[in-house]
Every structure is written in structure tokens, then in C-alpha cells.
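**Student:** Can you read through this structure? Questions will come right after.
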Amino acid sequence: MTIRGVTQAAGDLADVQVNPYEMMLQQLDMVREYTGIPDGVWKILRQPERALEVSVPIVRDDGEIEVFTGYRVQYNSARGPCKGGIRFHPDVTEDEVKALAGWMTWKCAVVNVPYGGGKGGVSVDPARLTRSELERLTRRYTAMIYPLIGVRKDIPAPDVNTNAEVMNWIVDTAGVLGGEAVPGIVTGKAIEMGGAAGRREATGRGVMVVTLGVLERLGIDVGGVRVAVQGFGNVGSIAAQLLAEQGASIVGISDISGGYHCPTGFDIEDVLQYVKSSPGHLLAGYDARGVEEVTNGELLSLDVDVLIPAALEAQITARNAADVRARVIVEGANGPTTPEADLILGENGVLIVPDILANAGGVVCSYFEWVQNIQCFPWEEEQTNQRLGAIMVRALDEVWALGQGRAVSLRLAAFILGVERVAAAVRMRGVFP
Amino acid sequence: MKDSPSGLQPVEVSAAMLFDRAIAHCARRTREGPNAVLERLRACDPETHATFRYALAKGIGEYLGSLGAAIRAVYVYGSAMGEASSPCSDIDMILDLDHDTDRIDRLMRGLDIALVTQFRALFPWAGRIRSLLDVRIVGAKQGKTGDRYCGDLLGSRTVPICLWRGHAASRGPRQVTAR
């Protein structure tokens, strides 16, 4: 038996997962060393306000009953009603939901929208369900967490494996249960159901805004700046399109079907047209003058000024971090950089705009959707874009200033800013009774 | 986690691999098989735990060195160096940094979480252990003034042992000297 065999036999170590909630608490503890938050407030920040576990029975299409487990966690509501998505995934656990609810608390505070943090999820593989089963699951889950959610209590949104259609079902179910129309009980709905114009583009737009802001601070003119974008979905393609409109040269793009390099810069409108009509809406097969195929790894190491990882998590690792030649990384995706890579990139002088700031355009636009629902007064897309830009610019200003003032990375500065804002609200509210 | 924010990303290094290497080290020392070492650890044998912790620290030092950034040297001291190590003892380490950075802190906290998770999975009695690493990070400022740096070394009950040292550190002015 090998040594590895010994430990595996001893406890199935290959299956051991790091507890995300403990990871979040460790992250929080690290921030504390940079703040003067009192002990009592800290005790409150280290605990979620509410964590609800629910059983979600549904009748399958074949008549069998199956029971799933769901969660809704409200981490902290000191700054406003809780905000956070609902995910359907077999790996969902209470600790994961608690960690992500905490992270939403800090994220909303970083961009200074009047929300606390929440998160929900059902431990289910939605690919195993038919559409009607998924609808029944969503509606029953909504009924089970209904006592917690509400326009001024807790506002869910789409997350992993949930979308506008799932949100529409939640709105309808909550409306039936409460006997009144409540479009503002979730965000990320279809436009016809009260969704916000510009929501699909919001995260990519936010990425563009912070990229321009960072370039300005570094004294780099956006005209001719070379950009590589990993991931050509809602976030990456929109960021590429908007940056190109600002004069940047998009020289690298990729998605799950492959990557492409064009040293003279892609015609992004042409690429978007191609993707729109291609099977699966993928880049595969794209061809134009001066375009060459590259692997995803090669894309990350292109000679560019800005790299925007907007695809999956853990794309820049200890293995490839030293190959990154970009001066700036703007994290369009959640968690594209591992801690080891973060260390190496920092040593190499690469500036990282962290996900908690860079991809916050989505939650900001969710806030706008909620405001419009409450006021029953939809905005024009132009208003949404303008206000989104203003909020993202302000958030970058504040994170940047804090990072400079305390001589810490932008990632840590963003966390410090978010946590301090929540702590201030907790302290001002005091403790009931 | 799917789509985890970067602040919640676990560290890349495999805690299982570090544990396997540490157990292999113990097995070489005691000339026993890994299963026997595992049984001793499970039976809370203090000497085996001390050896195990030292080997674990050594693996961590090599891992940090392999990242090739910021770290000048890695030291271990305290109970992991003596026979008095209890099964619940943490590993006292000092990281000597070339210059101040907040990134190392984040990395070490993530590594600690990964190790504790692994430790709990391996030893059911370890459920209450919250941390396996007690890491003192010594930046350039402390190195110059000597405040925290010397305080850590002189205040420890055992002589710090250098587990890993980069080329820059071996040329630099600061050296750890045993008392």
C-alpha cells in the first residue's frame, strides 16, 4: 500500500473539502487586524443573523416523491435588507451558503448599496430534473423560505443554475402566497416581469468602468491599450465590446471552445455577430485576417496591458501566474485567481482589481431593479448605465484610496472597506433590546 | 464551491499530499510502516505527533519556497520541535519576508484551514481544533527594528530551526542564530 493509500483508507482524504465558512471567517479575521472594530461588534460580524434549513419535497413526473434540502441564510442586515442569489447545485451545503451570504454582505457594502448579505440554495442537480419538476422545486422552496424573504427583508436573485425564469416562478409563488403583487421580492427577472433594462450587460459594464478607472490612475491612455479577455459570455463579451468602443485593442479572446489571438486587435462587432449565429453561441471556427488560434493557457500569457479573466474560478494558479505578462488583471469572474497565484502576481508587480469590486456591476444593477420595482417606475437603459458607472467609479475611488492609505493590496482594501462599513452600521444600531 | 469568490478560494497545495509526506517522514524515522505511524498518531503518541508536526512544517516550508516570491526564509520553533508536543498542539512558524505584503497572510490562513480540515478528517478526536498553524510573519520593518522578529525568536522555548531559505536570505544581513 502506498503512503497515499494509507491516508485515503484512513479517511477518504481525497474527498475532504475545505470548509468555506471557516475560510470566510479566516478572511474576516485577517481584515480585523487592519481595523479598530470593537470586540462586541466583531462577535456580531462573525455570526449569520439567521440560517434556515428546509425540506423541499416534490412529486417527480413519474409520481414518485423526492425530498431535497434547501437553505436560506441572512448573514447581516445592518445596512439594509439582505441580498443574495439562490443556487441549485448538488454540492450546496449550509456552510457554503453561510460563507457566500457573508461574502455578499461585504460585497454590497464595498459598492455602498443599501443592502445586507444573504444567500440561498438547494442541494440538487437540476440537470436531473425536467422543467416541470424544476418549477415545482422552485415553487416549494419559495414557499418554505417565504417567512424570511420579502421586498424589505431579503431579496433573492439568480446564481449558479438559476436564471430569470426561476426568478419569475418565485415572484409568482410569493404573489400567490401573499395575495399581492411583489415584483421587488427578487431581482434578475425577465424584463416583462419587472426586470431592469441593462441587467444582462451590467457586470461587463462594471468591468469596463473599473478597468478605465485603473488605467487612468496608472497614467495609461486607453487608446491602443491591449486587452485579453478569457470567457466570452455575458461578462467577457460585453466588457470587450465596451472597452473596444473606448479605444482599447482587444487582442485575445477565448471561451470553452478555444482561444484566439489577433495582434492588431479584433473587430469585436464582427466577433459578436459570429458568436450570435454560431452553434452554441461559441467562438469555435471564428476566422479573420491576422487571427490565430491559441490555448487558454497561451491566452493568459499574451503580451497585453490588461487581462480580464471572466470565465471560471481558479484559472490563474501557481502554475501559470509567473507567465502572466499583463500589468493589470481585472477579475470579471468570481475567484479566477488562487491565493498562491495572487502572491506570485503581487511579487511581479501585477495590479489585481479583485472580483468583489470588479464584478459588482451585477449586484448594483439588481439594486436598481429593486428600486424601480418599489417605485413602480421603470428607467430607461441609459439611466441605468449612467448610475451604474457613477457607483462603480465611486467604489473604485474608495477602494483605491484605502489601499494607498494603508499600503495593502486592492483585494484586502476592498474587504476592509466592506467590513468597516458593515461594522459601523452594526455599532450605530446598537443591540436590541 | 462553484463560482467561489477569490477570498474563499482554498489554497492550491494538497493538504493530503503534505500529510502523506509527513507520515512517510515519520515512517522513515521510526522504521515502521505508514500504517503503524498512523495508528500512533491516532493513539495520541506525543513523540510521533512532534515528529509529524516537524515534518509537516518542513513540507510547508518547501511548498512556500517553491512559490518563489517574497519569502526569504521559513522557521519552525516551539512545541513541534520537542517531545512535549501534544496531539492538539499547533505548529509555531516564522516567515521572514523580503518585504511587507498582505498576500502571504491570506495564503497562510487558507493553508491553515486546509490542514485543519484534513487533520479532523484523519483524527476524529480533533474536531475541536481550530488551527494547526501559528504563523508569525516578519516583514522588512520588523527585521530592521528587530522588535517583533527578535521577540519571537528569543521568547520561544526552543531554538528556531530554518526549514527553508532562499538565495536572497542566505546573502542578507539577517541571520537566525541559536542561543
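So you can find residues: chains in the C-alpha cells are A, B, ... in the order shown, residues in each start at 1, and ligands are numbered from 1 in order.
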Would you kindly report the residues of chain A within 8 Å of chain B, using only C-alpha atoms, as a short mmCIF file (atom, residue, chain, number, x, y, z; two decimals) with C-alpha atoms, in the first residue's frame?
**Tutor:**
data_model
loop_
_atom_site.label_atom_id
_atom_site.label_comp_id
_atom_site.auth_asym_id
_atom_site.auth_seq_id
_atom_site.Cartn_x
_atom_site.Cartn_y
_atom_site.Cartn_z
CA ILE A 3 1.60 6.23 1.56
CA ARG A 4 -1.21 7.99 -0.23
CA VAL A 6 -2.80 4.86 3.79
CA THR A 7 -4.30 8.29 4.24
CA ALA A 10 -7.86 6.30 6.81
CA GLY A 11 -10.42 8.89 6.00
CA LEU A 13 -8.97 12.29 2.30
CA ALA A 14 -9.39 12.75 -1.40
CA VAL A 16 -12.17 16.15 2.12
CA GLN A 17 -13.30 19.65 1.28
CA VAL A 18 -12.16 22.84 2.89
CA ASN A 19 -14.97 24.33 4.93
CA PRO A 20 -15.94 27.54 3.11
CA GLU A 22 -14.27 28.72 8.14
CA MET A 23 -12.46 30.17 5.17
CA MET A 24 -14.74 33.20 5.23
CA GLN A 26 -10.43 33.43 8.49
CA GLN A 27 -10.70 36.08 5.80
CA MET A 30 -7.41 38.86 8.70
CA ASP A 91 -22.68 20.44 -3.60
CA VAL A 92 -24.70 23.12 -1.79
CA GLU A 96 -21.23 27.15 1.79
CA LEU A 100 -21.43 33.18 0.45
CA TRP A 103 -19.35 37.50 1.24
CA VAL A 160 -25.45 29.06 -10.15
CA LEU A 312 -14.36 30.19 -14.38
CA GLU A 313 -12.75 30.21 -10.96
CA ALA A 314 -9.12 29.24 -10.33
CA THR A 317 -2.79 29.44 -10.45
CA ALA A 318 0.71 29.00 -9.06
CA ALA A 333 -15.31 36.17 -12.85
CA ASN A 334 -15.61 35.08 -9.24
CA GLY A 335 -12.35 33.75 -7.86
CA PRO A 336 -10.26 33.42 -11.02
CA THR A 337 -7.03 33.88 -9.05
CA THR A 338 -5.93 31.40 -6.40
CA PRO A 339 -4.16 32.63 -3.24
CA GLU A 340 -0.82 31.26 -4.45
CA ASP A 342 -2.21 36.18 -6.03
CA LEU A 343 1.08 36.07 -4.14
CA ILE A 344 3.19 35.49 -7.23
CA GLY A 346 1.82 40.66 -6.46
CA GLU A 347 5.54 39.98 -6.35
CA PRO A 354 -10.48 41.96 -7.10
CA ASP A 355 -13.74 40.27 -8.02
CA ILE A 356 -15.55 41.76 -5.04
CA VAL A 408 -2.40 46.98 1.23
CA SER A 409 -3.50 45.24 -1.95
CA LEU A 412 -7.59 43.47 1.03
#
**Student:** Near B:Ala73, within 8 Å and counting only C-alpha atoms, which residues show up once chain neighbours fewer than 6 positions away are dropped, as a PDB file with C-alpha atoms, in the first residue's frame?
**Tutor:**
ATOM      1  CA  GLY B  65       9.851  28.151  -1.086  1.00  0.00           C
ATOM      2  CA  LEU B  95       8.069  33.540   7.897  1.00  0.00           C
ATOM      3  CA  ASP B  96      10.825  36.000   7.150  1.00  0.00           C
ATOM      4  CA  LEU B  97       9.670  38.209   4.293  1.00  0.00           C
ATOM      5  CA  CYS B 162      15.394  27.092   9.485  1.00  0.00           C
ATOM      6  CA  LEU B 163      13.279  24.866   7.243  1.00  0.00           C
ATOM      7  CA  TRP B 164      13.829  26.708   4.018  1.00  0.00           C
ATOM      8  CA  ARG B 165      15.952  29.632   2.983  1.00  0.00           C
ATOM      9  CA  GLY B 166      16.009  31.472  -0.333  1.00  0.00           C
ATOM     10  CA  ALA B 169      18.124  35.353   2.537  1.00  0.00           C
TER      11      ALA B 169
END
